[in-house]
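*Asks:* Shown below is the structure under consideration.
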Amino acid sequence: MELHKILIISFGYLLLMISILPLVRLDHWFFRVFEYPRVQKLIINILVLAAFVSLFEFKNLHDSLFSAFLTVNAGYLMFQVYPFTSIAQKQMINTFKHNPDRSISLFIGNVFQYNRKAKEYLESVTSVDPDVIMLVETDNWWAQKAEIFKETHPHQLLVPLENTYGMILYSKFELIDGKVKYLVEEGIPSVHACIKLPSGEKIRFHGLHPTPPVPGENPRSTERDKEILLIAKSSKKSDLPVIVAGDLNDVAWSYTTQLFSKVSGLLDPRRGRGFFNTFHAKYRLFRYPLDHIFCSTDFTLLDIKRMPNCGSDHFPMFIRLQYEPKAAAIHEEPVADAEDLELAEEKINKVT
């Protein structure tokens with residue numbers, strides 16, 4: 001067998017292996033990290049398949065099976081990412097008619113604690129004039145720089161930390177019962193509050209930034225998954241409309257994020273509109289949607305966009321939503337079955 005054929009087949013089997021690994025429901029980073037590059041795997045899969053079919057004749061059963069494996073894998077990967085393309089059905093509808101008293105805009109960004117382009121970053125925030133600003137990886141230096149928002153956004157929850165897990169929340173609207181919680185890990189905060197809209201109606205907001213499953217940071221996804229699913233259960237029980245936002249350190253198509261959506265019943269406004277890849281800002285070929293905004297079915301969408309990068313390894317996200325109670329009857333709420341609920345409970349109760 002020719003050397004270049006051996007190389008292509010070997011690379012193809014490696015690709016098949018890293019496509020199958022995420023199906024193993026273990027929390028170790030080695031299995032979870034391969035959930036991230038599904039688009040990249042799809043593109044490489046298509047290229048490998050095209051090269052194999054065009055360069056070589058099928059001389060035996062193995063050649064036919066190898067090409068069949070790659071074809072099935074391409075279909076599987078396409079199935080995973082298709083809902084986040086602009087040609088898929090939108091999970092959340094656009095707003096019927098803008099009502100300023102019921103709308104809320106949010107700027108969500110991971111500033112990268114060691115980034116010192118604060119002037120450019122904060123100017124980017126100001127350019128969209130959001131009602132709510134949530135920044136993560138904010139140490140005391142960043143918290144001090146962000147004090148420029150104190151006058152325009154008088155309601156705040158500030159948790160500056162030096163461990164890359166600081167958070168600050170600024171709001172134009174009143175924050176009721178605002179709390180900082182450490183749901184799973186010491187030193188890993190989350191912010192929670194009811195936001196009072198100009199209409200007087202209230203929204204429950206959860207801001208998260210759990211640890212990622214990567215070597216040197218956290219070898220398991222256990223803590224991340226537990227925090228995300230605790231908020232999913234809380235959101236499902238809420239008697240108020242809900243928004244959950246933040247750098248979840250998980251991709252939109254992972255089984256944990258899908259489980260979160262089903263358990264919480266929250267919608268993903270990106271579905272049917274694009275990937276909105278936010279990480280890694282500096283490497284175009286290695287970008288994934290890690291920064292998320294989910295909301296309950298009684299919201300509609302006015303605007304969503306990825307903001308320009310200003311020195312961080314994450315692009316910020318901007319979204320404008322409108323509280324629209326009648327939309328709940330139009331949206332199809334994600335629903336968890338018995339197996340989903342059992343898995344969620346298992347993850348929540350797992351010893352960390």
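Each chain of the structure tokens is named A, B, ... in the order shown, its residues numbered from 1; ligands are numbered from 1 in display order.
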As a VMD selection string, please: the residues near A:Pro100 (cut-off 9 Å, only C-alpha atoms, same-chain neighbours under 6 positions excluded).

*Replies:* chain A and resid 198 to 199 322

*Asks:* Just asking: which residues within stretch 144-334 of chain A are alpha helix (DSSP H) according to DSSP, as a ChimeraX atom specification?

*Replies:* /A:144-145,222-237,255-264

*Asks:* Please run DSSP on the backbone and report, as a compact mmCIF listing (two decimals) with N, CA and C atoms, in the first residue's frame, all residues within stretch 78-267 of chain A that come out as strand (DSSP E or B).

*Replies:*
```
# COMPACT_ATOMS: atom_id res chain seq x y z
N ASN A 94 -38.31 36.32 16.36
CA ASN A 94 -38.02 37.74 16.48
C ASN A 94 -39.18 38.47 17.15
N SER A 103 -38.16 45.68 27.10
CA SER A 103 -36.95 45.16 26.49
C SER A 103 -35.75 45.31 27.42
N ILE A 104 -34.76 44.46 27.22
CA ILE A 104 -33.55 44.48 28.03
C ILE A 104 -32.37 44.07 27.15
N SER A 105 -31.29 44.84 27.21
CA SER A 105 -30.10 44.52 26.44
C SER A 105 -28.97 44.16 27.39
N LEU A 106 -28.17 43.17 26.98
CA LEU A 106 -27.10 42.68 27.82
C LEU A 106 -25.80 42.60 27.04
N PHE A 107 -24.72 43.00 27.69
CA PHE A 107 -23.36 42.83 27.16
C PHE A 107 -22.67 41.82 28.07
N ILE A 108 -22.25 40.69 27.50
CA ILE A 108 -21.62 39.61 28.26
C ILE A 108 -20.21 39.41 27.73
N GLY A 109 -19.21 39.53 28.59
CA GLY A 109 -17.85 39.40 28.10
C GLY A 109 -16.86 38.84 29.09
N ASN A 110 -15.96 38.01 28.60
CA ASN A 110 -14.80 37.55 29.37
C ASN A 110 -13.65 38.46 28.97
N VAL A 132 -27.63 45.98 30.86
CA VAL A 132 -26.94 45.15 31.84
C VAL A 132 -25.57 44.78 31.28
N ILE A 133 -24.55 44.90 32.12
CA ILE A 133 -23.19 44.56 31.74
C ILE A 133 -22.69 43.48 32.70
N MET A 134 -22.27 42.34 32.15
CA MET A 134 -21.66 41.31 32.99
C MET A 134 -20.29 40.97 32.41
N LEU A 135 -19.25 41.21 33.20
CA LEU A 135 -17.89 40.92 32.79
C LEU A 135 -17.30 39.90 33.74
N VAL A 136 -16.58 38.92 33.18
CA VAL A 136 -15.94 37.91 34.01
C VAL A 136 -14.42 37.94 33.79
N HIS A 155 -26.91 50.16 39.70
CA HIS A 155 -27.19 48.92 40.45
C HIS A 155 -26.09 47.90 40.12
N GLN A 156 -25.46 47.36 41.16
CA GLN A 156 -24.25 46.56 40.92
C GLN A 156 -24.15 45.35 41.83
N LEU A 157 -23.48 44.31 41.31
CA LEU A 157 -23.00 43.17 42.08
C LEU A 157 -21.54 42.99 41.67
N LEU A 158 -20.63 43.22 42.57
CA LEU A 158 -19.20 43.24 42.22
C LEU A 158 -18.45 42.18 43.04
N VAL A 159 -17.77 41.28 42.33
CA VAL A 159 -16.97 40.24 42.99
C VAL A 159 -15.61 40.17 42.30
N MET A 167 -16.13 38.48 38.93
CA MET A 167 -17.30 38.84 38.13
C MET A 167 -17.79 40.21 38.57
N ILE A 168 -18.25 41.00 37.61
CA ILE A 168 -18.91 42.26 37.95
C ILE A 168 -20.18 42.38 37.12
N LEU A 169 -21.23 42.85 37.77
CA LEU A 169 -22.52 43.04 37.12
C LEU A 169 -22.99 44.46 37.36
N TYR A 170 -23.20 45.22 36.28
CA TYR A 170 -23.73 46.58 36.35
C TYR A 170 -25.07 46.61 35.64
N SER A 171 -26.03 47.34 36.22
CA SER A 171 -27.36 47.38 35.61
C SER A 171 -27.96 48.78 35.71
N LEU A 175 -31.79 46.03 40.69
CA LEU A 175 -31.51 44.64 41.02
C LEU A 175 -32.15 44.33 42.37
N ILE A 176 -33.04 43.37 42.40
CA ILE A 176 -33.75 43.00 43.63
C ILE A 176 -33.18 41.68 44.15
N ASP A 177 -32.88 41.67 45.43
CA ASP A 177 -32.38 40.44 46.07
C ASP A 177 -31.13 39.92 45.36
N GLY A 178 -30.23 40.84 45.03
CA GLY A 178 -28.99 40.43 44.37
C GLY A 178 -28.09 39.64 45.31
N LYS A 179 -27.54 38.55 44.80
CA LYS A 179 -26.70 37.68 45.63
C LYS A 179 -25.50 37.18 44.84
N VAL A 180 -24.39 36.99 45.55
CA VAL A 180 -23.24 36.28 45.01
C VAL A 180 -23.22 34.92 45.68
N LYS A 181 -23.15 33.86 44.88
CA LYS A 181 -23.16 32.51 45.44
C LYS A 181 -21.94 31.73 44.94
N SER A 190 -20.93 32.96 41.31
CA SER A 190 -21.96 33.24 40.31
C SER A 190 -22.83 34.36 40.87
N VAL A 191 -23.48 35.12 40.00
CA VAL A 191 -24.30 36.24 40.45
C VAL A 191 -25.76 35.99 40.09
N HIS A 192 -26.65 36.39 40.99
CA HIS A 192 -28.07 36.09 40.85
C HIS A 192 -28.88 37.29 41.33
N ALA A 193 -29.90 37.65 40.57
CA ALA A 193 -30.75 38.78 40.97
C ALA A 193 -32.03 38.77 40.17
N CYS A 194 -33.04 39.46 40.69
CA CYS A 194 -34.23 39.80 39.91
C CYS A 194 -34.00 41.20 39.34
N ILE A 195 -34.19 41.34 38.05
CA ILE A 195 -34.02 42.62 37.38
C ILE A 195 -35.41 43.20 37.12
N LYS A 196 -35.63 44.44 37.57
CA LYS A 196 -36.93 45.08 37.40
C LYS A 196 -36.92 45.91 36.12
N LYS A 202 -40.61 41.77 36.49
CA LYS A 202 -39.31 41.29 36.98
C LYS A 202 -38.82 40.10 36.17
N ILE A 203 -37.50 40.04 36.03
CA ILE A 203 -36.81 38.95 35.34
C ILE A 203 -35.79 38.35 36.30
N ARG A 204 -35.71 37.04 36.32
CA ARG A 204 -34.68 36.39 37.14
C ARG A 204 -33.44 36.17 36.29
N PHE A 205 -32.30 36.66 36.80
CA PHE A 205 -31.04 36.58 36.06
C PHE A 205 -30.02 35.75 36.82
N HIS A 206 -29.33 34.86 36.09
CA HIS A 206 -28.23 34.08 36.64
C HIS A 206 -27.00 34.30 35.76
N GLY A 207 -25.90 34.71 36.36
CA GLY A 207 -24.64 34.89 35.64
C GLY A 207 -23.60 33.88 36.13
N LEU A 208 -23.03 33.10 35.19
CA LEU A 208 -22.16 31.98 35.55
C LEU A 208 -20.80 32.07 34.84
N VAL A 214 -10.01 21.17 31.58
CA VAL A 214 -8.75 21.20 30.83
C VAL A 214 -7.60 20.88 31.78
N ASN A 218 -8.75 22.09 35.59
CA ASN A 218 -9.62 21.14 36.26
C ASN A 218 -9.66 19.89 35.38
N ARG A 220 -11.60 17.46 35.35
CA ARG A 220 -12.93 16.90 35.13
C ARG A 220 -13.93 18.00 34.78
N VAL A 242 -36.79 33.99 32.90
CA VAL A 242 -35.41 33.72 33.28
C VAL A 242 -34.45 34.02 32.15
N ILE A 243 -33.30 34.60 32.52
CA ILE A 243 -32.15 34.74 31.62
C ILE A 243 -30.94 34.14 32.33
N VAL A 244 -30.22 33.27 31.63
CA VAL A 244 -28.97 32.70 32.12
C VAL A 244 -27.88 33.08 31.13
N ALA A 245 -26.78 33.63 31.64
CA ALA A 245 -25.74 34.11 30.73
C ALA A 245 -24.36 33.90 31.34
N GLY A 246 -23.37 33.86 30.46
CA GLY A 246 -22.00 33.81 30.93
C GLY A 246 -21.11 32.92 30.09
N ASP A 247 -19.85 32.87 30.47
CA ASP A 247 -18.87 31.98 29.86
C ASP A 247 -19.02 30.63 30.56
N LEU A 267 -34.49 28.61 26.04
CA LEU A 267 -34.20 28.68 24.61
C LEU A 267 -32.81 29.24 24.36
```

*Asks:* Measuring atom to atom with only C-alpha atoms, identify which of A:Asn277, A:Val39, A:Pro160, A:Tyr121 is nearest to A:Tyr82.

*Replies:* A:Val39

*Asks:* Tell me, as an NGL selection string, which residues lie within 8 Å of stretch 286-297 of chain A, counting only C-alpha atoms; anything in the same chain fewer than 4 positions away does not count.

*Replies:* :A and (36-37 or 40 or 92 or 108-109 or 241-252 or 265-269 or 275-281 or 316-317 or 327-328 or 331-333)

*Asks:* Atoms to include: C-alpha atoms. Write the selected residues as an mmCIF file, in the first residue's frame.

*Replies:*
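File result20.cif, as written:
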```cif
data_model
loop_
_atom_site.group_PDB
_atom_site.id
_atom_site.type_symbol
_atom_site.label_atom_id
_atom_site.label_comp_id
_atom_site.auth_asym_id
_atom_site.auth_seq_id
_atom_site.Cartn_x
_atom_site.Cartn_y
_atom_site.Cartn_z
ATOM 1 C CA TYR A 36 -15.534 21.416 21.166
ATOM 2 C CA PRO A 37 -14.168 21.211 17.581
ATOM 3 C CA GLN A 40 -13.434 21.654 12.471
ATOM 4 C CA MET A 92 -36.528 31.776 19.239
ATOM 5 C CA ILE A 108 -21.622 39.609 28.265
ATOM 6 C CA GLY A 109 -17.854 39.401 28.097
ATOM 7 C CA PRO A 241 -39.065 34.808 33.268
ATOM 8 C CA VAL A 242 -35.408 33.717 33.285
ATOM 9 C CA ILE A 243 -32.151 34.736 31.620
ATOM 10 C CA VAL A 244 -28.965 32.702 32.124
ATOM 11 C CA ALA A 245 -25.735 34.109 30.729
ATOM 12 C CA GLY A 246 -21.998 33.808 30.934
ATOM 13 C CA ASP A 247 -18.870 31.978 29.865
ATOM 14 C CA LEU A 248 -19.992 28.408 30.532
ATOM 15 C CA ASN A 249 -16.742 26.881 29.254
ATOM 16 C CA ASP A 250 -18.822 24.488 27.169
ATOM 17 C CA VAL A 251 -19.877 24.492 23.535
ATOM 18 C CA ALA A 252 -23.461 24.996 22.420
ATOM 19 C CA GLY A 265 -36.738 24.629 29.401
ATOM 20 C CA LEU A 266 -34.716 27.647 28.234
ATOM 21 C CA LEU A 267 -34.201 28.676 24.607
ATOM 22 C CA ASP A 268 -30.932 29.347 22.793
ATOM 23 C CA PRO A 269 -31.324 32.425 20.528
ATOM 24 C CA PHE A 275 -22.481 29.776 15.658
ATOM 25 C CA PHE A 276 -21.416 33.079 17.255
ATOM 26 C CA ASN A 277 -18.026 31.577 18.110
ATOM 27 C CA THR A 278 -16.506 33.559 20.966
ATOM 28 C CA PHE A 279 -13.321 31.633 21.797
ATOM 29 C CA HIS A 280 -10.455 31.673 20.824
ATOM 30 C CA ALA A 281 -10.471 35.260 19.524
ATOM 31 C CA PRO A 316 -17.978 39.586 23.887
ATOM 32 C CA MET A 317 -21.651 39.013 23.088
ATOM 33 C CA ALA A 327 -44.518 34.171 22.844
ATOM 34 C CA ALA A 328 -44.614 31.259 25.295
ATOM 35 C CA HIS A 331 -42.186 28.722 21.177
ATOM 36 C CA GLU A 332 -41.541 25.015 21.533
ATOM 37 C CA GLU A 333 -40.051 24.601 24.985
#
```

*Asks:* Report, in Å to a single decimal, how far apart atom CA of A:Lys90 and atom CA of A:Arg271 are.

*Replies:* 5.5 Å

*Asks:* With distances taken over only C-alpha atoms, which of A:Leu65, A:Cys310, A:Val53, A:Leu26 is nearest to A:Leu122?

*Replies:*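 Of A:Leu65, A:Cys310, A:Val53, A:Leu26, the one nearest A:Leu122 is A:Cys310, counting only C-alpha atoms.
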
*Asks:* Which residues, written as a CSV table (one decimal) with C-alpha atoms, in the first residue's frame, have at least one atom at most 7 Å from stretch 223-231 of chain A, with only C-alpha atoms counted and residues fewer than 3 positions away on the same chain left out?

*Replies:*
```csv
chain,number,residue,atom,x,y,z
A,183,LEU,CA,-22.6,27.0,44.2
A,184,VAL,CA,-20.1,24.3,43.7
A,210,PRO,CA,-17.7,27.6,35.9
A,211,THR,CA,-14.3,26.1,35.5
A,212,PRO,CA,-13.4,24.3,32.2
A,234,SER,CA,-33.7,26.5,39.5
A,235,SER,CA,-34.7,28.0,36.2
A,256,THR,CA,-24.2,18.9,28.9
A,260,PHE,CA,-29.1,22.1,30.5
A,344,ALA,CA,-29.0,15.5,35.6
A,347,LYS,CA,-24.4,14.8,37.8
A,348,ILE,CA,-25.7,17.2,40.5
A,352,THR,CA,-16.9,16.9,43.7
```

*Asks:* If we count only C-alpha atoms, what is near stretch 282-285 of chain A at a cut-off of 9 Å, once residues fewer than 4 positions away on the same chain are taken out, given as a tab-separated table (two decimals) with C-alpha atoms, in the first residue's frame?

*Replies:*
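Result file out.tsv:
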```
chain	number	residue	atom	x	y	z
A	40	GLN	CA	-13.43	21.65	12.47
A	309	ASN	CA	-12.31	41.62	20.22
A	311	GLY	CA	-7.39	42.22	23.66
A	312	SER	CA	-9.17	39.27	25.27
A	313	ASP	CA	-9.12	35.64	24.17
A	314	HIS	CA	-12.95	35.84	24.04
```

*Asks:* What separation in Å, quoted to one decimal, exists between atom CA of A:Gly272 and atom CA of A:Trp29?

*Replies:* 28.9 Å

*Asks:* From the list A:Asp101, A:Arg273, A:Tyr76, A:Leu161, which residue is nearest A:Gln89 when using only C-alpha atoms?

*Replies:*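 Among the listed residues, A:Arg273 lies closest to A:Gln89.
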
*Asks:* Check the smallest atom-to-atom distance from each of A:His153, A:Leu14, A:Arg116, A:Ser221 to A:Ser254 using only C-alpha atoms, then report the winner.

*Replies:*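 Counting only C-alpha atoms, the residue closest to A:Ser254 is A:Ser221.
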
*Asks:* Work out how far apart atom CA of A:Asp129 and atom CA of A:Thr257 are and give it in Å to one decimal.

*Replies:*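 So the two atoms, atom CA of A:Asp129 and atom CA of A:Thr257, lie 29.1 Å apart.
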